[in-house]
Amino acid sequence: MRNHIKAMLGATLLLGAAAPTMADEVVIATTGGLMRNMLEEHMYLPFQEATGTEVIPFDIEVPDQWARAEGMVRSGNIEFDIVTATGPDLVDKADILLDIPCADMPKVVEFALEGACEAKGVARTTGGMVLTYNAEVFADEAPKNWADFWDVERFPGPRGLPDTGDRDWWVPAVALLADGVAKEELFPLDLDRAYAKLDEIRPHIAVWWKTGNQVQQIMRDNEVVMTMSYSGRSLATIKDGAPFAMAWDGALRDTGYFAILKDSPNPEGALAFIDFFYGNSEGHPEFIRNVGYATSSTAGLAQLPEDEQKLFATYPANYEVLVKPDFEWIGANRDMLRERWTAWLTQ
């Protein structure tokens with residue numbers, strides 16, 4: 001199968017080549033709304049035109065997707081080819097995911113950023129859990145990193161932190177960065193040290209935000225002078241005219257992956273689509289602009305003006321200072337991390 005996949009992937013992306021023989025459709029489970037619409041316009045339809053293989057979007061939220069996928073695996077009736085995964089999902093769900101032949105995917109080899117192709121998934125979009133601050137409040141001196149977030153004397157004012165998503169490792173991780181731990185030495189997290197540092201900042205947290213909409217609103221309403229935020233939400237708020245800016249040093253890499261279910265109906269077509277995604281340079285710029293998150297294909301971001309590139313996690317100067325999470329450790333310790341977080345926040 002490996003040689004067949006390699007041959008198909010090469011044939012898929014040869015300009016002007018006949019479409020390879022593969023099943024007539026690829027079913028992709030992902031969230032609906034803007035993400036689905038932009039994928040369809042800029043990736044699904046061009047792939048269909050290039051190969052003759054139709055992409056069937058299946059709109060579903062990620063937790064529901066996994067429940068359904070696991071049921072499919074148990075029944076042996078698998079309907080999804082590609083699913084949407086987080087980093088921890090690639091660990092937790094590894095036994096039901098196909099091994100990705102990264103070296104056999106020519107456009108992934110040519111264009112993927114370092115670390116974009118993992119054993120069980122290939123990066124779709126990458127952002128960061130990033131320090132976002134009010135650039136008018138800090139016009140004379142801007143905070144640059146998490147140590148500055150903790151420095152309430154030099155940078156006074158109310159802060160925001162998340163109580164949502166993977167906050168049970170996000171927040172302790174940035175606390176350790178603030179305490180001087182190098183990003184390469186973060187994992188395994190020293191939770192005693194992290195929570196001692198969190199005790200220092202807790203009185204200054206005005207909002208423990210719960211949703212992406214809420215973190216945008218607290219910036220618009222000036223409830224905080226700085227906050228951890230999804231970079232895409234920060235970017236949307238900035239584009240709406242709020243006077244905020246992002247400090248990328250120590251932002252936590254936040255990636256959504258394409259993963260393929262084992263025994264899916266069309267694994268070859270799924271791999272061909274992912275490789276096409278990386279090589280479809282014309283589709284990336286508007287896709288990136290509209291969803292607010294960059295792809296991990298150098299075929300895409302480089303087409304944007306440099307001032308615009310700097311707003312995204314995969315801009316080289318930003319990407320090199322991101323924290324790469326250790327999802328093996330996080331996945332193995334999820335219950336403990338959650339229990340420690342809940343106990344601290346509710347005490």
# chains A, B, ... in the order shown; residues from 1 in each chain; ligands from 1
call {"tool": "select_by_dssp", "arguments": {"residues": "segment 159-336 of chain A", "states": "alpha helix (DSSP H)", "output": "VMD selection string"}}
result
chain A and resid 167 to 178 191 to 201 212 to 220 231 to 239 267 to 279 284 to 291 298 to 301 306 to 309 316 to 319 327 to 332 334 to 336
call {"tool": "closest_atom_pairs", "arguments": {"of": "segment 64-136 of chain A", "to": "segment 165-168 of chain A", "cutoff": "12 Å", "atoms": "only C-alpha atoms", "output": "CSV"}}
result
residue,atom,partner,partner_atom,distance
A:Thr86,CA,A:Asp166,CA,10.4
A:Gly87,CA,A:Asp166,CA,10.8
A:Pro88,CA,A:Asp166,CA,9.6
A:Asp89,CA,A:Asp166,CA,11.9
A:Met129,CA,A:Arg167,CA,10.0
call {"tool": "residues_around", "arguments": {"residues": "Asp249 of chain A", "least_positions_apart": "3", "cutoff": "10 Å", "atoms": "only C-alpha atoms", "output": "MDAnalysis selection string"}}
result
chainID A and resid 130:131 144:146 177 183 246 252 317:323
call {"tool": "residues_around", "arguments": {"residues": "Gly160 of chain A", "least_positions_apart": "5", "cutoff": "10 Å", "atoms": "only C-alpha atoms", "output": "VMD selection string"}}
result
chain A and resid 131 to 132 202 204 to 209 215 218 to 219 223 to 229
call {"tool": "write_last_selection", "arguments": {"atoms": "N, CA and C atoms", "output": "short mmCIF file (atom, residue, chain, number, x, y, z; two decimals), in the first residue's frame"}}
result
data_model
loop_
_atom_site.label_atom_id
_atom_site.label_comp_id
_atom_site.auth_asym_id
_atom_site.auth_seq_id
_atom_site.Cartn_x
_atom_site.Cartn_y
_atom_site.Cartn_z
N LEU A 131 0.15 36.06 24.40
CA LEU A 131 -0.04 37.24 25.25
C LEU A 131 -0.49 38.39 24.35
N THR A 132 -1.66 38.92 24.65
CA THR A 132 -2.23 40.03 23.87
C THR A 132 -2.43 41.21 24.81
N ARG A 202 -2.74 35.52 40.71
CA ARG A 202 -4.18 35.31 40.87
C ARG A 202 -4.94 36.57 41.28
N HIS A 204 -4.61 39.46 40.45
CA HIS A 204 -4.65 40.44 39.35
C HIS A 204 -5.44 39.94 38.14
N ILE A 205 -6.01 38.75 38.24
CA ILE A 205 -6.81 38.19 37.14
C ILE A 205 -8.25 38.66 37.32
N ALA A 206 -8.65 39.57 36.44
CA ALA A 206 -10.00 40.13 36.51
C ALA A 206 -11.03 39.22 35.86
N VAL A 207 -10.61 38.47 34.86
CA VAL A 207 -11.54 37.61 34.12
C VAL A 207 -10.88 36.27 33.82
N TRP A 208 -11.55 35.20 34.25
CA TRP A 208 -11.21 33.85 33.80
C TRP A 208 -12.17 33.55 32.65
N TRP A 209 -11.73 33.79 31.43
CA TRP A 209 -12.67 33.73 30.30
C TRP A 209 -12.94 32.29 29.88
N VAL A 215 -13.24 36.27 25.23
CA VAL A 215 -11.92 36.92 25.31
C VAL A 215 -11.86 38.10 24.36
N ILE A 218 -13.80 41.02 26.24
CA ILE A 218 -13.12 41.70 27.35
C ILE A 218 -12.03 42.62 26.84
N MET A 219 -11.49 42.33 25.66
CA MET A 219 -10.53 43.27 25.06
C MET A 219 -11.27 44.50 24.51
N GLU A 223 -11.85 45.55 29.66
CA GLU A 223 -11.91 44.94 30.99
C GLU A 223 -10.53 44.49 31.45
N VAL A 224 -9.62 44.29 30.49
CA VAL A 224 -8.26 43.85 30.81
C VAL A 224 -7.27 44.68 30.01
N VAL A 225 -6.06 44.79 30.54
CA VAL A 225 -4.99 45.45 29.77
C VAL A 225 -4.14 44.42 29.04
N MET A 226 -4.23 43.17 29.49
CA MET A 226 -3.55 42.08 28.77
C MET A 226 -4.21 40.76 29.15
N THR A 227 -4.09 39.79 28.23
CA THR A 227 -4.71 38.50 28.45
C THR A 227 -4.01 37.45 27.61
N MET A 228 -4.09 36.21 28.05
CA MET A 228 -3.81 35.11 27.14
C MET A 228 -5.02 34.97 26.23
N SER A 229 -4.76 34.72 24.94
CA SER A 229 -5.86 34.61 23.99
C SER A 229 -5.46 33.70 22.84
#
call {"tool": "closest_residue", "arguments": {"among": "A:Ala259, A:Leu90, A:Ala85, A:Leu345", "to": "Asp163 of chain A", "atoms": "only C-alpha atoms"}}
result
A:Leu345
call {"tool": "closest_residue", "arguments": {"among": "A:Pro285, A:Gly121, A:Pro188, A:Gly269", "to": "Gly52 of chain A", "atoms": "only C-alpha atoms"}}
result
A:Gly269
call {"tool": "select_by_dssp", "arguments": {"residues": "segment 67-274 of chain A", "states": "strand (DSSP E or B)", "output": "PDB file with C-alpha atoms, in the first residue's frame"}}
result
ATOM      1  CA  ILE A  82     -10.215  12.642   7.614  1.00  0.00           C
ATOM      2  CA  VAL A  83     -10.963  13.859  11.132  1.00  0.00           C
ATOM      3  CA  THR A  84      -9.904  17.005  12.970  1.00  0.00           C
ATOM      4  CA  ALA A  85      -7.454  16.416  15.829  1.00  0.00           C
ATOM      5  CA  LEU A  97      -5.549   6.596  13.481  1.00  0.00           C
ATOM      6  CA  ALA A 112       5.803  21.726   5.456  1.00  0.00           C
ATOM      7  CA  CYS A 117       3.873  16.231   9.842  1.00  0.00           C
ATOM      8  CA  VAL A 122      -0.527  16.613   9.606  1.00  0.00           C
ATOM      9  CA  ALA A 123      -0.964  20.236  10.684  1.00  0.00           C
ATOM     10  CA  ARG A 124      -3.913  22.031   9.115  1.00  0.00           C
ATOM     11  CA  THR A 125      -3.830  25.396  10.893  1.00  0.00           C
ATOM     12  CA  THR A 126      -1.516  26.725  13.564  1.00  0.00           C
ATOM     13  CA  GLY A 127      -1.987  29.565  15.992  1.00  0.00           C
ATOM     14  CA  GLY A 128      -0.769  30.269  19.471  1.00  0.00           C
ATOM     15  CA  MET A 129      -2.081  30.871  22.942  1.00  0.00           C
ATOM     16  CA  VAL A 130      -0.529  34.292  22.887  1.00  0.00           C
ATOM     17  CA  LEU A 131      -0.040  37.237  25.255  1.00  0.00           C
ATOM     18  CA  THR A 132      -2.231  40.031  23.870  1.00  0.00           C
ATOM     19  CA  TYR A 133      -1.930  43.520  25.343  1.00  0.00           C
ATOM     20  CA  ASN A 134      -3.405  46.994  24.994  1.00  0.00           C
ATOM     21  CA  ARG A 159      -5.408  40.608  33.389  1.00  0.00           C
ATOM     22  CA  GLY A 160      -7.311  37.755  31.783  1.00  0.00           C
ATOM     23  CA  LEU A 161      -6.550  34.028  31.671  1.00  0.00           C
ATOM     24  CA  PRO A 162      -8.575  31.119  30.253  1.00  0.00           C
ATOM     25  CA  ILE A 205      -6.810  38.189  37.144  1.00  0.00           C
ATOM     26  CA  ALA A 206     -10.003  40.133  36.511  1.00  0.00           C
ATOM     27  CA  VAL A 207     -11.542  37.611  34.115  1.00  0.00           C
ATOM     28  CA  TRP A 208     -11.213  33.853  33.797  1.00  0.00           C
ATOM     29  CA  TRP A 209     -12.665  33.728  30.299  1.00  0.00           C
ATOM     30  CA  MET A 226      -3.550  42.084  28.771  1.00  0.00           C
ATOM     31  CA  THR A 227      -4.710  38.497  28.449  1.00  0.00           C
ATOM     32  CA  MET A 228      -3.812  35.110  27.141  1.00  0.00           C
ATOM     33  CA  SER A 229      -5.862  34.607  23.989  1.00  0.00           C
ATOM     34  CA  TYR A 230      -6.206  32.440  20.935  1.00  0.00           C
ATOM     35  CA  PHE A 244      -4.295  45.493  20.972  1.00  0.00           C
ATOM     36  CA  ALA A 245      -1.103  43.775  19.847  1.00  0.00           C
ATOM     37  CA  MET A 246       0.404  40.316  20.284  1.00  0.00           C
ATOM     38  CA  ALA A 247       3.684  39.309  21.950  1.00  0.00           C
ATOM     39  CA  TRP A 248       4.713  35.936  20.502  1.00  0.00           C
ATOM     40  CA  ASP A 249       7.652  35.060  22.767  1.00  0.00           C
ATOM     41  CA  GLY A 250       6.556  31.969  24.690  1.00  0.00           C
ATOM     42  CA  ALA A 251       3.174  31.606  22.988  1.00  0.00           C
ATOM     43  CA  LEU A 252       1.977  28.003  23.160  1.00  0.00           C
ATOM     44  CA  ARG A 253       1.769  26.367  19.752  1.00  0.00           C
ATOM     45  CA  ASP A 254      -1.884  25.550  19.098  1.00  0.00           C
ATOM     46  CA  THR A 255      -2.368  23.345  16.053  1.00  0.00           C
ATOM     47  CA  GLY A 256      -5.342  21.659  14.477  1.00  0.00           C
ATOM     48  CA  TYR A 257      -4.393  18.526  12.563  1.00  0.00           C
ATOM     49  CA  PHE A 258      -5.733  16.461   9.706  1.00  0.00           C
ATOM     50  CA  ALA A 259      -5.786  12.832  10.879  1.00  0.00           C
ATOM     51  CA  ILE A 260      -7.049   9.744   9.039  1.00  0.00           C
ATOM     52  CA  LEU A 261      -9.052   6.948  10.602  1.00  0.00           C
TER      53      LEU A 261
END
call {"tool": "closest_residue", "arguments": {"among": "A:Asp263, A:Asp92, A:Asp199, A:Asp307", "to": "Trp329 of chain A", "atoms": "only C-alpha atoms"}}
result
A:Asp92
call {"tool": "residues_around", "arguments": {"residues": "Leu191 of chain A", "least_positions_apart": "6", "cutoff": "10 Å", "atoms": "only C-alpha atoms", "output": "mmCIF file with all heavy atoms, in the first residue's frame"}}
result
data_model
loop_
_atom_site.group_PDB
_atom_site.id
_atom_site.type_symbol
_atom_site.label_atom_id
_atom_site.label_comp_id
_atom_site.auth_asym_id
_atom_site.auth_seq_id
_atom_site.Cartn_x
_atom_site.Cartn_y
_atom_site.Cartn_z
ATOM 1 N N TRP A 169 -3.064 22.767 31.350
ATOM 2 C CA TRP A 169 -1.612 22.799 31.135
ATOM 3 C C TRP A 169 -1.162 24.116 30.531
ATOM 4 O O TRP A 169 -0.020 24.536 30.745
ATOM 5 C CB TRP A 169 -1.133 21.607 30.300
ATOM 6 C CG TRP A 169 -1.450 21.628 28.846
ATOM 7 C CD1 TRP A 169 -2.484 21.011 28.227
ATOM 8 C CD2 TRP A 169 -0.707 22.292 27.801
ATOM 9 N NE1 TRP A 169 -2.452 21.246 26.869
ATOM 10 C CE2 TRP A 169 -1.365 22.022 26.583
ATOM 11 C CE3 TRP A 169 0.447 23.079 27.783
ATOM 12 C CZ2 TRP A 169 -0.908 22.520 25.356
ATOM 13 C CZ3 TRP A 169 0.899 23.581 26.562
ATOM 14 C CH2 TRP A 169 0.236 23.291 25.372
ATOM 15 N N PRO A 172 -0.442 26.650 33.739
ATOM 16 C CA PRO A 172 0.792 26.298 34.451
ATOM 17 C C PRO A 172 2.050 26.438 33.586
ATOM 18 O O PRO A 172 3.106 26.831 34.090
ATOM 19 C CB PRO A 172 0.558 24.837 34.851
ATOM 20 C CG PRO A 172 -0.929 24.706 34.942
ATOM 21 C CD PRO A 172 -1.461 25.583 33.849
ATOM 22 N N ALA A 173 1.935 26.150 32.296
ATOM 23 C CA ALA A 173 3.116 26.265 31.428
ATOM 24 C C ALA A 173 3.604 27.703 31.341
ATOM 25 O O ALA A 173 4.809 27.971 31.451
ATOM 26 C CB ALA A 173 2.792 25.725 30.036
ATOM 27 N N ALA A 175 3.061 30.031 33.485
ATOM 28 C CA ALA A 175 3.561 30.408 34.811
ATOM 29 C C ALA A 175 5.024 30.008 34.965
ATOM 30 O O ALA A 175 5.836 30.777 35.511
ATOM 31 C CB ALA A 175 2.707 29.756 35.899
ATOM 32 N N LEU A 176 5.377 28.830 34.485
ATOM 33 C CA LEU A 176 6.768 28.391 34.564
ATOM 34 C C LEU A 176 7.666 29.235 33.669
ATOM 35 O O LEU A 176 8.802 29.568 34.047
ATOM 36 C CB LEU A 176 6.870 26.912 34.182
ATOM 37 C CG LEU A 176 6.271 25.942 35.205
ATOM 38 C CD1 LEU A 176 6.208 24.532 34.650
ATOM 39 C CD2 LEU A 176 7.066 25.971 36.513
ATOM 40 N N LYS A 197 3.758 30.040 41.438
ATOM 41 C CA LYS A 197 3.820 31.251 40.619
ATOM 42 C C LYS A 197 2.414 31.758 40.298
ATOM 43 O O LYS A 197 2.168 32.979 40.268
ATOM 44 C CB LYS A 197 4.585 30.949 39.322
ATOM 45 C CG LYS A 197 4.962 32.190 38.515
ATOM 46 C CD LYS A 197 6.002 33.036 39.226
ATOM 47 C CE LYS A 197 6.486 34.199 38.372
ATOM 48 N NZ LYS A 197 7.420 35.081 39.113
ATOM 49 N N LEU A 337 -3.639 16.610 35.596
ATOM 50 C CA LEU A 337 -3.570 18.041 35.302
ATOM 51 C C LEU A 337 -4.912 18.718 35.564
ATOM 52 O O LEU A 337 -4.967 19.803 36.147
ATOM 53 C CB LEU A 337 -3.154 18.251 33.844
ATOM 54 C CG LEU A 337 -1.689 17.979 33.513
ATOM 55 C CD1 LEU A 337 -1.496 17.839 32.008
ATOM 56 C CD2 LEU A 337 -0.786 19.086 34.060
ATOM 57 N N ARG A 340 -5.711 18.902 39.354
ATOM 58 C CA ARG A 340 -4.886 19.914 40.035
ATOM 59 C C ARG A 340 -5.417 21.316 39.712
ATOM 60 O O ARG A 340 -5.503 22.184 40.604
ATOM 61 C CB ARG A 340 -3.431 19.768 39.579
ATOM 62 C CG ARG A 340 -2.448 20.724 40.275
ATOM 63 C CD ARG A 340 -2.190 20.305 41.712
ATOM 64 N NE ARG A 340 -1.274 21.213 42.385
ATOM 65 C CZ ARG A 340 0.037 20.993 42.545
ATOM 66 N NH1 ARG A 340 0.589 19.884 42.047
ATOM 67 N NH2 ARG A 340 0.792 21.847 43.193
ATOM 68 N N TRP A 341 -5.772 21.552 38.444
ATOM 69 C CA TRP A 341 -6.302 22.855 38.035
ATOM 70 C C TRP A 341 -7.610 23.166 38.758
ATOM 71 O O TRP A 341 -7.774 24.255 39.316
ATOM 72 C CB TRP A 341 -6.515 22.877 36.527
ATOM 73 C CG TRP A 341 -7.275 24.086 36.065
ATOM 74 C CD1 TRP A 341 -8.602 24.176 35.764
ATOM 75 C CD2 TRP A 341 -6.746 25.411 35.908
ATOM 76 N NE1 TRP A 341 -8.936 25.456 35.410
ATOM 77 C CE2 TRP A 341 -7.816 26.236 35.489
ATOM 78 C CE3 TRP A 341 -5.484 25.962 36.057
ATOM 79 C CZ2 TRP A 341 -7.647 27.593 35.227
ATOM 80 C CZ3 TRP A 341 -5.321 27.317 35.792
ATOM 81 C CH2 TRP A 341 -6.391 28.119 35.390
#
call {"tool": "residues_around", "arguments": {"residues": "segment 29-40 of chain A", "least_positions_apart": "2", "cutoff": "8 Å", "atoms": "only C-alpha atoms", "output": "list of chain:residue names"}}
result
A:Val27, A:His42, A:Met43, A:Tyr44, A:Leu45, A:Pro57, A:Phe58, A:Asp59, A:Ile60, A:Glu61, A:Val62, A:Gln65, A:Phe80, A:Asp81, A:Ile82, A:Val83, A:Thr84, A:Phe287, A:Asn290, A:Val291
call {"tool": "closest_residue", "arguments": {"among": "A:Val55, A:Met72, A:Ala135, A:Ala67", "to": "Gly241 of chain A", "atoms": "only C-alpha atoms"}}
result
A:Ala135
call {"tool": "residues_around", "arguments": {"residues": "Ala119 of chain A", "least_positions_apart": "6", "cutoff": "8 Å", "atoms": "only C-alpha atoms", "output": "PyMOL selection string"}}
result
chain A and resi 99-102
